[in-house]
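Novice: File name entry_30.cif; file contents mmCIF, C-alpha atoms and all ligand atoms; full text below.
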```cif
data_model
#
loop_
_atom_site.label_atom_id
_atom_site.label_comp_id
_atom_site.auth_asym_id
_atom_site.auth_seq_id
_atom_site.Cartn_x
_atom_site.Cartn_y
_atom_site.Cartn_z
CA MET A 17 0.00 0.00 0.00
CA VAL A 18 1.33 3.40 -0.94
CA SER A 19 -0.18 6.87 -0.84
CA GLY A 20 0.57 10.05 -2.71
CA LYS A 21 -0.53 13.62 -3.17
CA CYS A 22 0.19 16.83 -5.00
CA LEU A 23 1.99 19.77 -3.41
CA CYS A 24 -1.20 21.49 -2.16
CA GLY A 25 -3.01 18.28 -1.15
CA GLY A 26 -5.96 18.88 -3.50
CA VAL A 27 -5.27 15.53 -5.18
CA ARG A 28 -4.69 12.45 -3.01
CA PHE A 29 -4.51 8.83 -4.06
CA SER A 30 -3.53 5.38 -2.86
CA VAL A 31 -2.46 2.14 -4.51
CA ALA A 32 -2.91 -1.28 -2.87
CA GLU A 33 0.64 -2.23 -3.68
CA THR A 34 4.06 -0.88 -2.80
CA PRO A 35 5.97 -0.12 -5.98
CA LYS A 36 9.65 -1.06 -5.92
CA THR A 37 10.75 0.26 -9.29
CA VAL A 38 10.41 3.18 -11.68
CA GLY A 39 10.56 3.43 -15.43
CA LEU A 40 12.23 6.68 -16.45
CA CYS A 41 10.75 8.37 -19.50
CA HIS A 42 13.13 10.57 -21.48
CA CYS A 43 10.61 11.68 -24.13
CA GLY A 44 10.34 15.33 -25.13
CA MET A 45 6.81 15.62 -23.73
CA CYS A 46 7.74 14.38 -20.26
CA ARG A 47 10.73 16.72 -20.37
CA LYS A 48 8.47 19.71 -21.06
CA TRP A 49 5.98 18.53 -18.47
CA CYS A 50 8.35 18.09 -15.54
CA GLY A 51 11.93 17.75 -16.73
CA GLY A 52 11.58 13.97 -17.35
CA MET A 53 9.20 11.56 -15.69
CA PRO A 54 9.92 8.67 -13.25
CA PHE A 55 6.82 6.44 -13.47
CA ALA A 56 6.27 4.15 -10.48
CA GLU A 57 5.68 0.56 -11.66
CA PHE A 58 2.83 -1.55 -10.28
CA GLU A 59 -0.16 -3.62 -11.38
CA ALA A 60 -2.88 -2.37 -9.03
CA GLU A 61 -5.30 0.41 -9.90
CA VAL A 62 -5.03 3.92 -8.54
CA VAL A 63 -7.71 4.89 -6.02
CA LEU A 64 -8.44 8.63 -5.96
CA GLU A 65 -9.09 9.75 -2.37
CA LYS A 66 -9.45 13.42 -3.26
CA SER A 67 -9.62 14.84 -6.75
CA GLU A 68 -11.39 18.21 -6.82
CA THR A 69 -8.34 19.98 -8.28
CA LEU A 70 -7.36 17.12 -10.61
CA ARG A 71 -7.29 18.14 -14.28
CA TRP A 72 -6.69 15.98 -17.34
CA TRP A 73 -5.05 17.14 -20.53
CA LYS A 74 -5.12 15.03 -23.68
CA SER A 75 -1.45 14.96 -24.68
CA SER A 76 -1.60 12.48 -27.56
CA PRO A 77 -4.21 10.58 -29.61
CA TRP A 78 -4.19 7.82 -26.95
CA GLY A 79 -3.09 9.36 -23.67
CA GLU A 80 -4.03 11.96 -21.09
CA ARG A 81 -1.87 13.59 -18.44
CA GLY A 82 -3.30 14.31 -15.00
CA PHE A 83 -2.06 17.19 -12.87
CA CYS A 84 -3.24 19.42 -10.07
CA GLY A 85 -4.98 22.50 -11.47
CA GLU A 86 -4.17 24.41 -8.28
CA CYS A 87 -0.47 23.76 -7.58
CA GLY A 88 0.55 22.30 -10.96
CA THR A 89 2.05 19.01 -9.70
CA PRO A 90 2.31 16.45 -12.55
CA MET A 91 0.76 13.20 -11.32
CA PHE A 92 -0.70 10.66 -13.76
CA TRP A 93 -0.70 9.34 -17.28
CA ARG A 94 -3.61 7.24 -18.51
CA ALA A 95 -5.04 5.84 -21.71
CA PRO A 96 -8.84 5.48 -21.68
CA GLY A 97 -9.83 1.81 -21.56
CA ILE A 98 -6.59 0.69 -19.90
CA PRO A 99 -7.01 0.24 -16.15
CA GLN A 100 -3.40 0.87 -15.08
CA TRP A 101 -2.32 4.48 -14.86
CA GLY A 102 1.22 5.74 -14.95
CA VAL A 103 1.92 7.43 -11.63
CA SER A 104 4.63 9.97 -10.99
CA ALA A 105 7.07 8.47 -8.49
CA GLY A 106 7.66 12.03 -7.36
CA ALA A 107 4.03 12.31 -6.19
CA LEU A 108 4.34 9.29 -3.87
CA ASP A 109 4.63 10.09 -0.16
CA SER A 110 7.58 7.74 0.06
CA ALA A 111 9.93 6.53 -2.65
CA ALA A 112 12.14 4.69 -0.17
CA GLY A 113 14.07 1.80 -1.68
CA MET A 114 12.76 2.34 -5.21
CA GLU A 115 15.14 1.51 -8.04
CA ILE A 116 15.32 2.20 -11.75
CA ALA A 117 13.92 -0.75 -13.75
CA LYS A 118 14.24 0.73 -17.21
CA HIS A 119 14.73 3.82 -19.34
CA ILE A 120 12.35 4.53 -22.24
CA PHE A 121 12.45 6.92 -25.20
CA ILE A 122 16.23 7.15 -24.82
CA ASP A 123 16.48 8.38 -28.42
CA ASP A 124 14.68 11.51 -27.22
CA LYS A 125 16.94 12.10 -24.18
CA ALA A 126 18.22 15.62 -23.48
CA ASP A 127 21.98 16.13 -23.80
CA PHE A 128 22.32 17.85 -20.44
CA TYR A 129 22.49 14.66 -18.34
CA ASN A 130 23.99 11.18 -18.67
CA PHE A 131 22.91 7.65 -17.74
CA ALA A 132 24.68 6.38 -14.62
CA ASP A 133 23.13 2.90 -14.27
CA ASP A 134 22.86 -0.41 -16.12
CA ALA A 135 19.05 -0.63 -16.32
CA PRO A 136 17.68 -1.67 -19.75
CA LYS A 137 17.35 1.19 -22.23
CA LYS A 138 14.67 1.28 -24.92
CA THR A 139 14.07 3.68 -27.78
CA GLY A 140 10.60 5.14 -28.26
CA ALA A 141 9.83 2.65 -31.02
CA GLU A 142 11.11 -0.32 -28.97
CA HIS A 143 9.03 0.72 -25.98
CA THR A 144 5.91 1.35 -28.09
CA ALA A 145 6.28 -2.01 -29.84
CA GLU A 146 6.49 -3.77 -26.48
CA ILE A 147 3.44 -1.99 -25.07
CA LEU A 148 1.38 -2.52 -28.23
CA SER A 149 2.28 -6.23 -28.35
CA ARG A 150 1.00 -6.62 -24.82
CA LEU A 151 -2.15 -4.55 -25.41
CA ALA A 152 -2.89 -6.30 -28.71
CA ALA A 153 -2.82 -9.66 -26.89
CA GLN A 154 -5.32 -8.21 -24.43
CA PHE A 155 -7.56 -6.08 -26.68
CA GLY A 156 -7.22 -7.67 -30.13
CA GLU A 157 -6.30 -6.84 -33.70
CA GLU A 158 -8.65 -3.92 -34.18
CA PHE A 159 -7.18 -2.16 -31.17
CA LEU A 160 -3.73 -2.71 -32.62
CA ARG A 161 -4.61 -1.34 -36.06
CA ASP A 162 -6.11 1.77 -34.46
CA ALA A 163 -3.10 2.24 -32.16
CA LEU A 164 -0.66 1.95 -35.07
CA GLN A 165 -2.67 4.48 -37.04
CA LYS A 166 -2.60 6.93 -34.12
CA SER A 167 1.12 6.33 -33.70
CA ARG A 168 1.62 7.14 -37.38
CA GLU A 169 -0.33 10.41 -37.02
CA PHE A 170 1.47 11.45 -33.87
CA HIS A 171 5.07 10.24 -34.28
CA GLY A 172 5.23 10.05 -38.06
CA GLU A 173 5.53 7.38 -40.73
CA GLN A 174 9.09 6.35 -39.89
CA PHE A 175 8.36 5.77 -36.19
CA ALA A 176 5.25 3.70 -36.95
CA ALA A 177 7.15 1.63 -39.53
CA GLU A 178 9.89 0.92 -36.97
CA VAL A 179 7.28 -0.12 -34.38
CA LYS A 180 5.62 -2.45 -36.88
CA LYS A 181 8.95 -4.01 -37.81
CA LEU A 182 9.89 -4.56 -34.15
CA MET A 183 6.49 -6.11 -33.45
CA GLY A 184 7.03 -8.46 -36.38
CA ASN A 185 10.32 -9.54 -34.81
CA ASN A 186 8.58 -10.12 -31.50
CA SER A 187 5.71 -12.21 -32.81
CA GLY A 188 5.20 -15.22 -30.59
CA ASN A 189 6.36 -13.21 -27.59
CA SER A 190 3.34 -10.97 -27.43
CA ASN A 191 2.51 -11.93 -23.86
CA ASN A 192 5.86 -10.84 -22.53
CA ALA A 193 5.51 -7.75 -20.43
ZN ZN B 1 -2.23 20.53 -5.78
ZN ZN B 2 7.49 10.50 -21.70
#
```
Please render this file's structure as structure tokens.
Specialist:
Amino acid sequence: MVSGKCLCGGVRFSVAETPKTVGLCHCGMCRKWCGGMPFAEFEAEVVLEKSETLRWWKSSPWGERGFCGECGTPMFWRAPGIPQWGVSAGALDSAAGMEIAKHIFIDDKADFYNFADDAPKKTGAEHTAEILSRLAAQFGEEFLRDALQKSREFHGEQFAAEVKKLMGNNSGNSNNA
């Protein structure tokens, strides 16, 4: 069990699990949002205890970012229809003992810092291919076609082609998460 809140306390949440790891996102959007996002990793769903100042902003064709409209703390990422939210490790009341499990969107990383650990590092296309393989196994082919189309619109033709190629290479492993 872990709890978290924004700076002003207008948004409070809990998760019936204690996350041990974070996935660090180096994408340009997370960088603009908060300098680069450490997402706490867990399977349980987020329970909102208090949410009157919570605002959602649609940041891509598939995802929304949740933040406090009062104090501005970045807090969540979610994709409608998918029960697990990404949760900012910085919004947790305690991050004691948490370690880096992986880095994602490393091809988008800013030049002003360096990696100092051996955690696995994935490009945006590698990460997207992994996520889509898992979601396609769960939600089916139509979901996948739609997701690839949105990826093409948002990240461009080259990115979507790379994702498709990587997913082809991973076929048979689509349940790996
Ligand atoms: Zn707040
Ligand atoms: Zn990101």
Novice: As a quick test: using all atoms listed in the file, which residues lie no more than 6 Å away from ligand ZN 2 (chain B)? Give them as a list of chain:residue names.
Specialist: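 Protein and nucleic-acid residues within 6 Å of ligand ZN 2 (chain B): A:Cys41, A:His42, A:Cys43, A:Met45, A:Cys46.
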Novice: Neighbours of ligand ZN 1 (chain B) within 12 Å, counting all atoms listed in the file, as an mmCIF file with C-alpha atoms, in the frame of the given file?
Specialist:
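To be explicit, this is the file written out as out_31.cif:
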```
data_model
loop_
_atom_site.group_PDB
_atom_site.id
_atom_site.type_symbol
_atom_site.label_atom_id
_atom_site.label_comp_id
_atom_site.auth_asym_id
_atom_site.auth_seq_id
_atom_site.Cartn_x
_atom_site.Cartn_y
_atom_site.Cartn_z
ATOM 1 C CA GLY A 20 0.570 10.050 -2.710
ATOM 2 C CA LYS A 21 -0.530 13.620 -3.170
ATOM 3 C CA CYS A 22 0.190 16.830 -5.000
ATOM 4 C CA LEU A 23 1.990 19.770 -3.410
ATOM 5 C CA CYS A 24 -1.200 21.490 -2.160
ATOM 6 C CA GLY A 25 -3.010 18.280 -1.150
ATOM 7 C CA GLY A 26 -5.960 18.880 -3.500
ATOM 8 C CA VAL A 27 -5.270 15.530 -5.180
ATOM 9 C CA ARG A 28 -4.690 12.450 -3.010
ATOM 10 C CA LYS A 66 -9.450 13.420 -3.260
ATOM 11 C CA SER A 67 -9.620 14.840 -6.750
ATOM 12 C CA GLU A 68 -11.390 18.210 -6.820
ATOM 13 C CA THR A 69 -8.340 19.980 -8.280
ATOM 14 C CA LEU A 70 -7.360 17.120 -10.610
ATOM 15 C CA ARG A 71 -7.290 18.140 -14.280
ATOM 16 C CA GLY A 82 -3.300 14.310 -15.000
ATOM 17 C CA PHE A 83 -2.060 17.190 -12.870
ATOM 18 C CA CYS A 84 -3.240 19.420 -10.070
ATOM 19 C CA GLY A 85 -4.980 22.500 -11.470
ATOM 20 C CA GLU A 86 -4.170 24.410 -8.280
ATOM 21 C CA CYS A 87 -0.470 23.760 -7.580
ATOM 22 C CA GLY A 88 0.550 22.300 -10.960
ATOM 23 C CA THR A 89 2.050 19.010 -9.700
ATOM 24 C CA PRO A 90 2.310 16.450 -12.550
ATOM 25 C CA MET A 91 0.760 13.200 -11.320
ATOM 26 C CA ALA A 107 4.030 12.310 -6.190
#
```
Novice: Show me, as a ChimeraX atom specification, the residues that have an atom within 7 Å of Ser30 (chain A) when counting only C-alpha atoms, minus same-chain residues fewer than 3 positions from it.
Specialist: /A:18-20,62-64
Novice: Do you have the CA of Phe175 (chain A)-CA of Glu146 (chain A) distance handy?
Specialist: 13.7 Å
Novice: So how far away is CA of Asp133 (chain A) from CA of Lys118 (chain A), in Å?
Specialist: 9.6 Å
Novice: Closest to Lys180 (chain A) among A:Leu151, A:Thr144, A:Ala117, A:Arg81, using all atoms listed in the file?
Specialist: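 Closest to Lys180 (chain A) of all the choices is A:Thr144.
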Novice: Which residues, written as a list in words, have at least one atom at most 9 Å from Arg94 (chain A), with all atoms listed in the file counted and residues fewer than 4 positions away on the same chain left out?
Specialist: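 Contacts, with the query itself left out: Trp78, Gly79, Glu80, Arg81, Gly82, Ile98, Pro99, Gln100, Trp101, Gly102 and Val103 of chain A.
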Novice: Which residue out of A:Gly44, A:Met183, A:Ala177, A:Glu169 has the minimum interatomic distance to Arg150 (chain A) when all atoms listed in the file are used?
Specialist: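 For Arg150 (chain A), the nearest of the given residues is A:Met183.
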Novice: Here is a test: counting only C-alpha atoms, which residue of A:Ser104, A:Asn130, A:Asn185, A:Ser76 is nearest to Gly39 (chain A)?
Specialist: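 Residue with the minimum atom-to-atom distance to Gly39 (chain A): A:Ser104.
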Novice: My list of candidates is A:Ala153, A:Ala60, A:Ala32, A:Ile147. Which is closest to Val179 (chain A) when distances are computed with only C-alpha atoms?
Specialist: A:Ile147
Novice: Kindly give the distance, in Å, that separates CA of Val31 (chain A) and CA of Asp134 (chain A), rounded to a single decimal.
Specialist: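 Taking CA of Val31 (chain A) and CA of Asp134 (chain A), their separation equals 28.0 Å.
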Novice: Kindly compute an axis-aligned box around the listed atoms of region 93-99 of chain A, allowing 5 Å on each side, and express its centre and edge lengths in Å to one decimal as JSON.
Specialist:
```
{"center_x": -5.3, "center_y": 4.8, "center_z": -18.9, "size_x": 19.1, "size_y": 19.1, "size_z": 15.6}
```
Novice: Of the candidates A:Ala111, A:Val38, A:Met17, A:Ile116, which one gets nearest to Phe131 (chain A) if we count all atoms listed in the file?
Specialist: A:Ile116
Novice: When you look at Leu160 (chain A) with a cut-off of 9 Å (counting all atoms listed in the file), what residues show up, excluding the ones that are within fewer than 6 positions of it in the same chain? I need them as a compact mmCIF listing (two decimals) with C-alpha atoms, in the coordinates of the input.
Specialist:
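This went into part20.txt:
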```
# COMPACT_ATOMS: atom_id res chain seq x y z
CA LEU A 148 1.38 -2.52 -28.23
CA SER A 149 2.28 -6.23 -28.35
CA LEU A 151 -2.15 -4.55 -25.41
CA ALA A 152 -2.89 -6.30 -28.71
```
Novice: Between A:Gly140, A:Glu65, A:Trp93, A:Gly113, which is the closest to Lys36 (chain A) once you count all atoms listed in the file?
Specialist: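 Of A:Gly140, A:Glu65, A:Trp93, A:Gly113, the one nearest Lys36 (chain A) is A:Gly113, counting all atoms listed in the file.
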Novice: Would you tabulate, counting all atoms listed in the file, all residues of region 134-183 of chain A that have an atom at most 10 Å from an atom of region 121-128 of chain A, showing the closest pair of atoms and their distance in Å to one decimal, sorted by chain then ascending number, as CSV?
Specialist:
```
residue,atom,partner,partner_atom,distance
A:Lys137,CA,A:Ile122,CA,6.6
A:Lys138,CA,A:Phe121,CA,6.1
A:Thr139,CA,A:Phe121,CA,4.4
A:Gly140,CA,A:Phe121,CA,4.0
A:Ala141,CA,A:Phe121,CA,7.7
A:Glu142,CA,A:Phe121,CA,8.3
A:His143,CA,A:Phe121,CA,7.1
A:Thr144,CA,A:Phe121,CA,9.1
```
Novice: Could region 73-94 of chain A be completed with N, CA and C atoms and written as a tab-separated table (two decimals), in the coordinates of the input, please?
Specialist:
```tsv
chain	number	residue	atom	x	y	z
A	73	TRP	N	-5.33	16.52	-19.24
A	73	TRP	CA	-5.05	17.14	-20.53
A	73	TRP	C	-4.68	16.04	-21.53
A	74	LYS	N	-5.37	16.06	-22.67
A	74	LYS	CA	-5.12	15.03	-23.68
A	74	LYS	C	-3.83	15.38	-24.41
A	75	SER	N	-2.78	14.60	-24.17
A	75	SER	CA	-1.45	14.96	-24.68
A	75	SER	C	-1.08	14.23	-25.96
A	76	SER	N	-1.86	13.23	-26.33
A	76	SER	CA	-1.60	12.48	-27.56
A	76	SER	C	-2.90	11.82	-27.99
A	77	PRO	N	-2.94	11.20	-29.18
A	77	PRO	CA	-4.21	10.58	-29.61
A	77	PRO	C	-4.67	9.46	-28.68
A	78	TRP	N	-3.79	8.93	-27.82
A	78	TRP	CA	-4.19	7.82	-26.95
A	78	TRP	C	-4.07	8.13	-25.47
A	79	GLY	N	-3.35	9.18	-25.10
A	79	GLY	CA	-3.09	9.36	-23.67
A	79	GLY	C	-3.49	10.71	-23.11
A	80	GLU	N	-3.71	10.73	-21.79
A	80	GLU	CA	-4.03	11.96	-21.09
A	80	GLU	C	-3.10	12.10	-19.89
A	81	ARG	N	-2.74	13.33	-19.58
A	81	ARG	CA	-1.87	13.59	-18.44
A	81	ARG	C	-2.67	14.29	-17.35
A	82	GLY	N	-2.56	13.77	-16.13
A	82	GLY	CA	-3.30	14.31	-15.00
A	82	GLY	C	-2.38	15.13	-14.11
A	83	PHE	N	-2.87	16.30	-13.70
A	83	PHE	CA	-2.06	17.19	-12.87
A	83	PHE	C	-2.99	17.98	-11.96
A	84	CYS	N	-2.42	18.59	-10.94
A	84	CYS	CA	-3.24	19.42	-10.07
A	84	CYS	C	-3.41	20.80	-10.68
A	85	GLY	N	-4.67	21.21	-10.88
A	85	GLY	CA	-4.98	22.50	-11.47
A	85	GLY	C	-4.68	23.66	-10.53
A	86	GLU	N	-4.46	23.35	-9.26
A	86	GLU	CA	-4.17	24.41	-8.28
A	86	GLU	C	-2.66	24.64	-8.15
A	87	CYS	N	-1.91	23.58	-7.84
A	87	CYS	CA	-0.47	23.76	-7.58
A	87	CYS	C	0.40	23.31	-8.75
A	88	GLY	N	-0.19	22.64	-9.75
A	88	GLY	CA	0.55	22.30	-10.96
A	88	GLY	C	1.35	21.01	-10.90
A	89	THR	N	1.26	20.25	-9.80
A	89	THR	CA	2.05	19.01	-9.70
A	89	THR	C	1.65	18.00	-10.78
A	90	PRO	N	2.61	17.52	-11.59
A	90	PRO	CA	2.31	16.45	-12.55
A	90	PRO	C	2.11	15.14	-11.80
A	91	MET	N	1.07	14.36	-12.14
A	91	MET	CA	0.76	13.20	-11.32
A	91	MET	C	0.54	11.89	-12.08
A	92	PHE	N	-0.28	11.92	-13.14
A	92	PHE	CA	-0.70	10.66	-13.76
A	92	PHE	C	-0.61	10.71	-15.28
A	93	TRP	N	-0.51	9.52	-15.85
A	93	TRP	CA	-0.70	9.34	-17.28
A	93	TRP	C	-1.69	8.20	-17.41
A	94	ARG	N	-2.68	8.35	-18.31
A	94	ARG	CA	-3.61	7.24	-18.51
A	94	ARG	C	-4.06	7.20	-19.96
```
